[in-house]
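One file, query_5.tsv, carrying TSV, C-alpha atoms and all ligand atoms:
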chain	number	residue	atom	x	y	z
A	1	MET	CA	0.00	0.00	0.00
A	2	SER	CA	1.29	3.43	-0.90
A	3	LYS	CA	2.04	5.52	2.19
A	4	ILE	CA	1.43	9.25	2.46
A	5	LEU	CA	3.34	11.92	4.38
A	6	SER	CA	1.99	15.45	4.35
A	7	ALA	CA	4.28	18.40	3.67
A	8	SER	CA	3.28	20.05	6.93
A	9	LYS	CA	4.44	16.94	8.82
A	10	CYS	CA	7.71	16.12	7.06
A	11	GLY	CA	9.80	18.51	9.14
A	12	PHE	CA	8.57	17.25	12.52
A	13	PRO	CA	11.77	16.26	14.33
A	14	CYS	CA	10.78	12.76	15.41
A	15	GLU	CA	10.89	9.88	12.93
A	16	ARG	CA	8.86	7.73	15.30
A	17	ASN	CA	6.02	10.24	15.05
A	18	LEU	CA	6.34	10.21	11.24
A	19	PHE	CA	6.23	6.40	11.26
A	20	TYR	CA	2.90	6.47	13.14
A	21	SER	CA	1.63	9.14	10.78
A	22	VAL	CA	2.39	7.31	7.51
A	23	ASN	CA	1.13	3.96	8.83
A	24	GLY	CA	-2.37	5.17	9.62
A	25	TYR	CA	-2.22	5.28	13.44
A	26	GLU	CA	-4.99	7.36	14.97
A	27	GLY	CA	-3.54	10.47	16.62
A	28	ASN	CA	-5.04	12.40	19.55
A	29	THR	CA	-4.92	16.12	19.00
A	30	SER	CA	-5.51	17.98	22.27
A	31	SER	CA	-8.32	20.51	22.26
A	32	HIS	CA	-5.72	23.23	22.96
A	33	SER	CA	-3.66	22.27	19.87
A	34	GLN	CA	-6.87	22.13	17.82
A	35	ARG	CA	-7.82	25.65	18.96
A	36	ILE	CA	-4.38	26.97	17.96
A	37	PHE	CA	-4.77	25.31	14.54
A	38	ASP	CA	-8.32	26.71	14.11
A	39	VAL	CA	-7.20	30.26	14.97
A	40	GLY	CA	-4.44	29.99	12.33
A	41	THR	CA	-6.94	28.75	9.72
A	42	ALA	CA	-9.45	31.50	10.55
A	43	LEU	CA	-6.84	34.25	10.32
A	44	GLU	CA	-5.37	33.09	7.00
A	45	PRO	CA	-7.86	34.91	4.67
A	46	VAL	CA	-7.54	38.04	6.83
A	47	ILE	CA	-3.76	38.00	6.39
A	48	VAL	CA	-4.18	37.48	2.63
A	49	GLU	CA	-6.29	40.69	2.57
A	50	TRP	CA	-3.55	42.54	4.50
A	51	LEU	CA	-1.03	41.45	1.83
A	52	ARG	CA	-3.32	42.62	-0.98
A	53	ASN	CA	-3.85	45.97	0.79
A	54	ASP	CA	-0.06	46.25	1.01
A	55	GLY	CA	0.25	45.99	-2.80
A	56	TRP	CA	0.95	42.29	-3.30
A	57	ASN	CA	-0.80	40.30	-6.01
A	58	VAL	CA	-1.89	37.14	-4.21
A	59	GLU	CA	-2.88	33.86	-5.82
A	60	TYR	CA	-4.59	32.29	-2.82
A	61	ASN	CA	-5.13	28.53	-2.69
A	62	GLN	CA	-7.86	28.73	-0.05
A	63	GLY	CA	-9.29	25.69	1.69
A	64	SER	CA	-6.47	24.00	3.56
A	65	GLN	CA	-6.77	20.20	2.98
A	66	ASN	CA	-9.52	20.75	0.37
A	67	ALA	CA	-7.72	23.50	-1.54
A	68	GLU	CA	-7.75	23.29	-5.32
A	69	ILE	CA	-3.99	23.18	-5.91
A	70	GLU	CA	-2.42	20.02	-4.54
A	71	VAL	CA	1.17	18.88	-4.93
A	72	SER	CA	2.16	15.24	-4.92
A	73	ILE	CA	5.70	13.89	-5.11
A	74	GLU	CA	6.06	10.18	-5.86
A	75	LEU	CA	8.79	8.43	-3.86
A	76	ASN	CA	9.82	4.84	-3.18
A	77	GLY	CA	7.11	3.42	-0.93
A	78	GLY	CA	4.69	6.35	-1.08
A	79	LYS	CA	4.29	10.04	-1.72
A	80	LEU	CA	4.65	13.46	-0.16
A	81	ILE	CA	1.54	15.60	-0.58
A	82	GLY	CA	0.40	19.06	0.39
A	83	HIS	CA	-1.62	22.18	-0.40
A	84	PRO	CA	0.43	25.37	-0.77
A	85	ASP	CA	-1.04	28.58	0.69
A	86	CYS	CA	-0.21	31.36	-1.80
A	87	ILE	CA	2.01	32.56	-4.61
A	88	ILE	CA	2.60	36.30	-4.36
A	89	SER	CA	4.21	38.89	-6.63
A	90	ARG	CA	4.78	42.59	-6.31
A	91	PRO	CA	4.47	44.92	-9.32
A	92	GLU	CA	8.07	45.84	-10.22
A	93	GLY	CA	9.33	43.79	-7.28
A	94	LEU	CA	9.66	40.16	-6.21
A	95	GLN	CA	7.83	37.75	-8.50
A	96	ASN	CA	6.42	34.22	-7.99
A	97	VAL	CA	7.15	33.94	-4.29
A	98	LEU	CA	5.67	30.79	-2.76
A	99	ILE	CA	4.62	31.65	0.79
A	100	ASP	CA	3.13	29.91	3.77
A	101	ILE	CA	1.15	31.92	6.30
A	102	LYS	CA	1.88	31.24	9.97
A	103	THR	CA	0.44	32.73	13.14
A	104	MET	CA	2.77	32.65	16.15
A	105	ASN	CA	2.79	33.56	19.80
A	106	GLU	CA	5.00	36.42	21.02
A	107	ARG	CA	7.97	34.26	21.99
A	108	SER	CA	8.00	32.19	18.82
A	109	PHE	CA	7.51	35.27	16.59
A	110	THR	CA	10.31	37.26	18.27
A	111	LEU	CA	12.78	34.38	17.97
A	112	TRP	CA	11.84	33.75	14.32
A	113	LYS	CA	12.20	37.46	13.46
A	114	LYS	CA	15.60	37.55	15.14
A	115	GLU	CA	17.05	34.29	13.82
A	116	GLY	CA	15.22	33.82	10.50
A	117	SER	CA	13.29	30.85	9.18
A	118	LEU	CA	16.26	28.65	8.25
A	119	LYS	CA	17.48	28.59	11.82
A	120	SER	CA	14.39	28.94	13.96
A	121	LYS	CA	11.67	27.30	11.82
A	122	PRO	CA	13.27	24.43	9.87
A	123	GLN	CA	9.95	22.57	9.94
A	124	TYR	CA	8.25	25.37	7.99
A	125	VAL	CA	11.20	25.61	5.59
A	126	LYS	CA	10.90	21.89	4.78
A	127	GLN	CA	7.14	22.20	4.31
A	128	LEU	CA	7.68	24.98	1.75
A	129	HIS	CA	10.35	22.96	-0.06
A	130	VAL	CA	7.86	20.13	-0.65
A	131	TYR	CA	5.28	22.61	-2.01
A	132	ALA	CA	7.92	24.26	-4.23
A	133	ALA	CA	9.26	20.97	-5.61
A	134	GLY	CA	5.71	19.81	-6.38
A	135	LEU	CA	4.73	23.09	-8.07
A	136	ILE	CA	7.95	23.26	-10.11
A	137	ALA	CA	7.25	19.69	-11.29
A	138	GLN	CA	3.80	20.94	-12.41
A	139	GLY	CA	5.53	23.61	-14.53
A	140	ARG	CA	5.00	26.55	-12.16
A	141	LYS	CA	7.70	29.18	-11.90
A	142	ILE	CA	8.80	29.67	-8.29
A	143	GLU	CA	11.53	32.28	-7.75
A	144	LYS	CA	11.62	32.52	-3.95
A	145	LEU	CA	10.12	30.87	-0.90
A	146	GLY	CA	8.91	32.74	2.13
A	147	ILE	CA	7.11	32.67	5.43
A	148	VAL	CA	4.60	35.37	6.26
A	149	GLY	CA	4.26	35.39	10.04
A	150	VAL	CA	1.83	37.27	12.26
A	151	ASN	CA	2.31	37.83	15.97
A	152	LYS	CA	-0.99	36.84	17.61
A	153	ASN	CA	-0.26	39.09	20.60
A	154	ASN	CA	0.00	42.39	18.70
A	155	SER	CA	-0.81	41.64	14.99
A	156	GLU	CA	2.70	42.56	13.83
A	157	LEU	CA	3.41	41.09	10.39
A	158	HIS	CA	6.84	40.03	9.20
A	159	MET	CA	8.06	38.32	6.01
A	160	ASP	CA	11.17	36.21	5.60
A	161	PHE	CA	12.29	35.03	2.15
A	162	PHE	CA	14.81	32.35	1.23
A	163	ASP	CA	15.92	30.28	-1.77
A	164	PHE	CA	14.95	26.78	-2.79
A	165	ASP	CA	17.76	24.42	-1.73
A	166	THR	CA	18.07	21.25	-3.84
A	167	GLU	CA	20.27	19.57	-1.20
A	168	LEU	CA	17.66	20.14	1.48
A	169	MET	CA	14.91	18.78	-0.79
A	170	LYS	CA	17.02	15.68	-1.45
A	171	SER	CA	17.47	15.14	2.32
A	172	ILE	CA	13.68	15.47	2.84
A	173	GLN	CA	13.03	12.85	0.16
A	174	ASP	CA	15.70	10.50	1.58
A	175	MET	CA	14.30	10.83	5.11
A	176	THR	CA	10.73	10.24	3.86
A	177	GLU	CA	11.72	7.12	1.90
A	178	ARG	CA	13.52	5.84	5.00
A	179	VAL	CA	10.38	6.32	7.11
A	180	PHE	CA	8.23	4.66	4.40
A	181	SER	CA	10.53	1.61	4.42
A	182	LEU	CA	10.36	1.00	8.20
A	183	ASN	CA	8.43	-1.98	9.55
A	184	ASP	CA	8.58	-0.85	13.17
A	185	ALA	CA	8.55	2.47	14.96
A	186	PRO	CA	12.20	3.59	15.00
A	187	PHE	CA	14.35	4.62	17.97
A	188	GLU	CA	16.87	6.75	16.07
A	189	ASN	CA	16.02	10.46	15.75
A	190	SER	CA	13.06	9.93	18.06
A	191	PRO	CA	12.70	12.59	19.13
A	192	SER	CA	15.63	14.62	17.80
A	193	GLU	CA	14.45	17.71	19.74
A	194	SER	CA	13.22	17.72	23.31
A	195	TRP	CA	10.03	19.76	22.75
A	196	CYS	CA	8.42	17.23	20.37
A	197	CYS	CA	6.72	14.89	22.84
A	198	SER	CA	4.60	17.70	24.33
A	199	TYR	CA	3.13	18.42	20.90
A	200	CYS	CA	2.88	14.82	19.70
A	201	GLU	CA	-0.51	13.42	18.74
A	202	PHE	CA	0.88	9.87	19.00
A	203	SER	CA	2.20	10.04	22.57
A	204	GLN	CA	-0.37	7.43	23.65
A	205	GLN	CA	0.92	4.89	21.12
A	206	CYS	CA	4.56	5.76	21.64
A	207	ASN	CA	6.17	3.03	23.65
A	208	LEU	CA	9.69	4.37	23.39
A	209	TYR	CA	11.03	2.99	26.66
A	210	GLY	CA	9.00	-0.23	26.73
A	211	VAL	CA	6.12	1.40	28.61
A	212	PRO	CA	3.70	4.09	27.50
A	213	PRO	CA	4.06	7.50	29.21
A	214	VAL	CA	2.85	7.19	32.83
A	215	SER	CA	1.01	10.46	32.44
A	216	ASN	CA	-1.31	8.75	29.93
A	217	ASP	CA	-2.69	6.65	32.80
A	218	LYS	CA	-3.68	9.69	34.81
A	219	PRO	CA	-6.73	11.85	34.12
A	220	GLU	CA	-5.74	15.27	32.80
A	221	MET	CA	-5.94	17.79	35.69
A	222	PRO	CA	-6.17	21.56	35.24
A	223	PRO	CA	-2.95	23.32	36.38
A	224	VAL	CA	-2.87	24.65	39.95
A	225	PHE	CA	-2.28	28.43	39.93
A	226	THR	CA	0.87	29.83	41.55
A	227	ASP	CA	2.19	33.35	42.02
A	228	SER	CA	5.38	32.17	43.72
A	229	ASP	CA	8.27	34.25	42.34
A	230	ILE	CA	10.74	31.44	42.86
A	231	VAL	CA	8.63	28.97	40.84
A	232	ILE	CA	7.94	31.44	38.04
A	233	GLN	CA	11.64	32.31	37.90
A	234	ALA	CA	12.46	28.58	37.67
A	235	MET	CA	10.10	28.27	34.66
A	236	HIS	CA	11.88	31.17	32.93
A	237	GLN	CA	15.23	29.62	33.80
A	238	LEU	CA	14.23	26.28	32.27
A	239	ILE	CA	12.98	27.92	29.04
A	240	ASP	CA	16.16	29.99	28.86
A	241	ALA	CA	18.45	27.00	29.54
A	242	ARG	CA	16.74	24.90	26.85
A	243	GLU	CA	16.96	27.71	24.30
A	244	LYS	CA	20.67	28.13	25.02
A	245	ALA	CA	21.20	24.36	24.76
A	246	LYS	CA	19.41	24.38	21.39
A	247	GLN	CA	21.58	27.24	20.12
A	248	ALA	CA	24.72	25.58	21.48
A	249	LYS	CA	23.82	22.37	19.62
A	250	VAL	CA	23.46	24.31	16.34
A	251	GLN	CA	26.82	26.06	16.95
A	252	GLU	CA	28.50	22.77	17.82
A	253	ASP	CA	27.16	21.05	14.69
A	254	GLU	CA	28.26	23.94	12.47
A	255	ALA	CA	31.78	23.91	13.95
A	256	LYS	CA	32.04	20.10	13.67
A	257	ASN	CA	30.98	20.18	10.01
A	258	ILE	CA	33.73	22.68	9.17
A	259	LEU	CA	36.37	20.81	11.18
A	260	ASP	CA	35.30	17.50	9.65
A	261	GLU	CA	35.74	18.95	6.17
A	262	HIS	CA	39.26	20.21	6.98
A	263	ILE	CA	40.52	17.32	9.10
A	264	ARG	CA	38.82	13.94	8.68
A	265	GLN	CA	37.77	14.30	5.06
A	266	LYS	CA	41.35	15.29	4.18
A	267	GLY	CA	42.74	12.17	5.84
A	268	LEU	CA	44.31	14.11	8.76
A	269	THR	CA	43.95	13.40	12.47
A	270	SER	CA	44.75	16.88	13.85
A	271	LEU	CA	45.24	20.51	12.89
A	272	GLU	CA	47.02	23.36	14.72
A	273	GLY	CA	46.28	27.07	14.42
A	274	GLY	CA	45.43	30.19	16.42
A	275	GLY	CA	46.97	28.70	19.53
A	276	TYR	CA	44.76	25.59	19.41
A	277	VAL	CA	45.25	21.97	18.40
A	278	CYS	CA	42.17	20.15	17.21
A	279	SER	CA	42.43	16.34	17.11
A	280	ILE	CA	39.92	13.74	16.10
A	281	THR	CA	39.48	10.29	17.57
A	282	GLU	CA	37.38	7.64	15.83
A	283	ARG	CA	35.88	4.75	17.81
A	284	LYS	CA	33.62	1.95	16.71
A	285	THR	CA	30.44	1.83	18.78
A	286	GLN	CA	27.88	-0.91	19.18
A	287	ARG	CA	24.22	-0.49	19.91
A	288	PHE	CA	21.95	-3.12	21.38
A	289	ALA	CA	19.12	-3.53	18.84
A	290	SER	CA	16.41	-3.76	21.53
A	291	ALA	CA	13.46	-3.41	19.11
A	292	GLU	CA	14.70	-6.30	16.94
A	293	PHE	CA	15.54	-8.40	20.05
A	294	LYS	CA	12.08	-7.81	21.50
A	295	LYS	CA	10.52	-8.97	18.25
A	296	VAL	CA	12.48	-12.27	18.21
A	297	HIS	CA	12.51	-12.95	22.00
A	298	PRO	CA	9.55	-11.08	23.54
A	299	ASP	CA	9.43	-13.27	26.70
A	300	LEU	CA	13.15	-12.97	27.36
A	301	MET	CA	12.97	-9.22	26.87
A	302	ASN	CA	10.10	-8.94	29.38
A	303	GLN	CA	12.07	-10.95	31.97
A	304	PHE	CA	14.86	-8.40	31.94
A	305	MET	CA	12.81	-5.22	31.71
A	306	LYS	CA	13.14	-2.99	34.77
A	307	GLU	CA	10.57	-0.32	35.25
A	308	SER	CA	11.53	3.21	36.17
A	309	VAL	CA	9.82	6.54	35.66
A	310	LEU	CA	11.36	9.18	33.43
A	311	VAL	CA	10.10	12.64	34.43
A	312	THR	CA	9.96	15.36	31.77
A	313	TYR	CA	9.31	19.00	32.60
A	314	THR	CA	7.53	20.93	29.87
A	315	VAL	CA	7.01	24.67	30.14
A	316	LYS	CA	4.83	26.44	27.60
A	317	GLU	CA	2.69	29.54	27.51
A	318	ALA	CA	-0.58	29.21	29.44
B	401	LIG	S1	5.90	10.81	22.04
B	401	LIG	FE1	7.86	11.79	21.54
B	401	LIG	S2	9.23	10.09	20.93
B	401	LIG	FE2	7.13	9.31	20.85
B	401	LIG	S3	6.47	9.62	18.73
B	401	LIG	FE3	5.81	11.40	19.87
B	401	LIG	S4	7.45	12.90	19.62
B	401	LIG	FE4	8.26	10.90	19.05
Take the structure in the file and write it out as structure tokens.
Amino acid sequence: MSKILSASKCGFPCERNLFYSVNGYEGNTSSHSQRIFDVGTALEPVIVEWLRNDGWNVEYNQGSQNAEIEVSIELNGGKLIGHPDCIISRPEGLQNVLIDIKTMNERSFTLWKKEGSLKSKPQYVKQLHVYAAGLIAQGRKIEKLGIVGVNKNNSELHMDFFDFDTELMKSIQDMTERVFSLNDAPFENSPSESWCCSYCEFSQQCNLYGVPPVSNDKPEMPPVFTDSDIVIQAMHQLIDAREKAKQAKVQEDEAKNILDEHIRQKGLTSLEGGGYVCSITERKTQRFASAEFKKVHPDLMNQFMKESVLVTYTVKEA
């Protein structure tokens, strides 16, 4: 059976979630997430009117999942599909810009405006790449991609444009084909970012550590209100620490890519310069294939399973 991954999903940083999605598992979208989605859908035509009033010619593909223009990219094992939002042009300005309209909360909007889409919204960038590749295959001319974002707190509008990247599109297709080919929910890249599980519609099916999340067994309770300064400060501290860790990871990966290119890929083991020596060490590692083992020896696996509780703290805007 041909599997389907939607463009809006392909950038979600957890391949386990994508596996559930393409294999027809029923997800549970919380009423809060649904409200956020509904507000975005309701505001979309309003934002299109703002663009028109600002002098843009807008070809609007209204209707979300039922919109007239659909893209479909055939891959091994299935296809990527999606419905692009708009193509906009400006008289005597930018032409044929494929955009996606996003509404964001204050924190998300401010970070995106500061860091740009490529760094702070890779999921949106990947979504647009699927739309662009599909439209180009249909013969449409696409000269730029862009995100039009609106801050839901104060209605500020910002636009960020970027180019189509063939390498990125190739990596999206490779990742999608890998997910299509899986027979079991994977462990690798699941999740690749810590925030995913709080926004995951498949958390009830996800059995990542051999047991479903304990919190799924408990009835959802409304949060208890606090005005304790020390607790509120701790929440800020946790958000701040996670943001710094995320940025540090990006910096580390960038530095490692450059060093890898100049050391390992050139057959060297170290380089000296600027008062530093950078050396590389390569070690073979082995991983216990617990998913495969469980499949072949389920009873044996159960005998040696030890239960413990992993506690995750999630802080998001109320
Ligand atoms: S609960 Fe977390 S690890 Fe499991 S599928 Fe969802 S995002 Fe991935």
Query raised in the report: Quick one: residues within 10 Å of ligand LIG 401 (chain B), with all atoms listed in the file, as JSON, numbers by chain?
Result: {"A": [12, 13, 14, 15, 16, 17, 18, 19, 20, 21, 27, 185, 186, 187, 188, 189, 190, 191, 192, 193, 194, 195, 196, 197, 198, 199, 200, 201, 202, 203, 204, 205, 206, 207, 208, 209, 212, 213]}
Writer output for current selection, C-alpha atoms, as a tab-separated table (two decimals), keeping the file's coordinate frame:
chain	number	residue	atom	x	y	z
A	12	PHE	CA	8.57	17.25	12.52
A	13	PRO	CA	11.77	16.26	14.33
A	14	CYS	CA	10.78	12.76	15.41
A	15	GLU	CA	10.89	9.88	12.93
A	16	ARG	CA	8.86	7.73	15.30
A	17	ASN	CA	6.02	10.24	15.05
A	18	LEU	CA	6.34	10.21	11.24
A	19	PHE	CA	6.23	6.40	11.26
A	20	TYR	CA	2.90	6.47	13.14
A	21	SER	CA	1.63	9.14	10.78
A	27	GLY	CA	-3.54	10.47	16.62
A	185	ALA	CA	8.55	2.47	14.96
A	186	PRO	CA	12.20	3.59	15.00
A	187	PHE	CA	14.35	4.62	17.97
A	188	GLU	CA	16.87	6.75	16.07
A	189	ASN	CA	16.02	10.46	15.75
A	190	SER	CA	13.06	9.93	18.06
A	191	PRO	CA	12.70	12.59	19.13
A	192	SER	CA	15.63	14.62	17.80
A	193	GLU	CA	14.45	17.71	19.74
A	194	SER	CA	13.22	17.72	23.31
A	195	TRP	CA	10.03	19.76	22.75
A	196	CYS	CA	8.42	17.23	20.37
A	197	CYS	CA	6.72	14.89	22.84
A	198	SER	CA	4.60	17.70	24.33
A	199	TYR	CA	3.13	18.42	20.90
A	200	CYS	CA	2.88	14.82	19.70
A	201	GLU	CA	-0.51	13.42	18.74
A	202	PHE	CA	0.88	9.87	19.00
A	203	SER	CA	2.20	10.04	22.57
A	204	GLN	CA	-0.37	7.43	23.65
A	205	GLN	CA	0.92	4.89	21.12
A	206	CYS	CA	4.56	5.76	21.64
A	207	ASN	CA	6.17	3.03	23.65
A	208	LEU	CA	9.69	4.37	23.39
A	209	TYR	CA	11.03	2.99	26.66
A	212	PRO	CA	3.70	4.09	27.50
A	213	PRO	CA	4.06	7.50	29.21
Query raised in the report: So what do you get for atom CA of Asp184 of chain A versus atom CA of Asn76 of chain A, distance-wise?
Result: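 Separation of atom CA of Asp184 of chain A and atom CA of Asn76 of chain A: 17.4 Å.
Considering the residues A:His32, A:Ala248, A:Trp112, A:Ile172 and counting all atoms listed in the file, His158 of chain A has its shortest atom-to-atom contact with A:Trp112.
With only C-alpha atoms as the atoms that count, the minimum distance from Leu51 of chain A to the choices A:Gly149, A:Pro84, A:Gly275, A:Pro223 is reached by A:Gly149.
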Query raised in the report: Nearest to Leu98 of chain A: which of A:Arg140, A:Lys316, A:Lys113, A:Lys119 is it, counting all atoms listed in the file?
Result: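 Closest to Leu98 of chain A of all the choices is A:Arg140.
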**Report entry** Minimum-distance residue to Ile136 of chain A, chosen among A:Thr110, A:Ser72, A:Ser155, A:Asn28 (using only C-alpha atoms)
**Finding:**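 Using only C-alpha atoms, Ile136 of chain A sits closest to A:Ser72.
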Report task. Give me, please, the distance in Å between atom CA of Lys152 of chain A and atom CA of Leu94 of chain A, quoted to one decimal. Result ->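 It comes out at 26.3 Å.
Atom to atom, atom CA of Asp38 of chain A and atom CA of Gly82 of chain A stand 18.0 Å apart.
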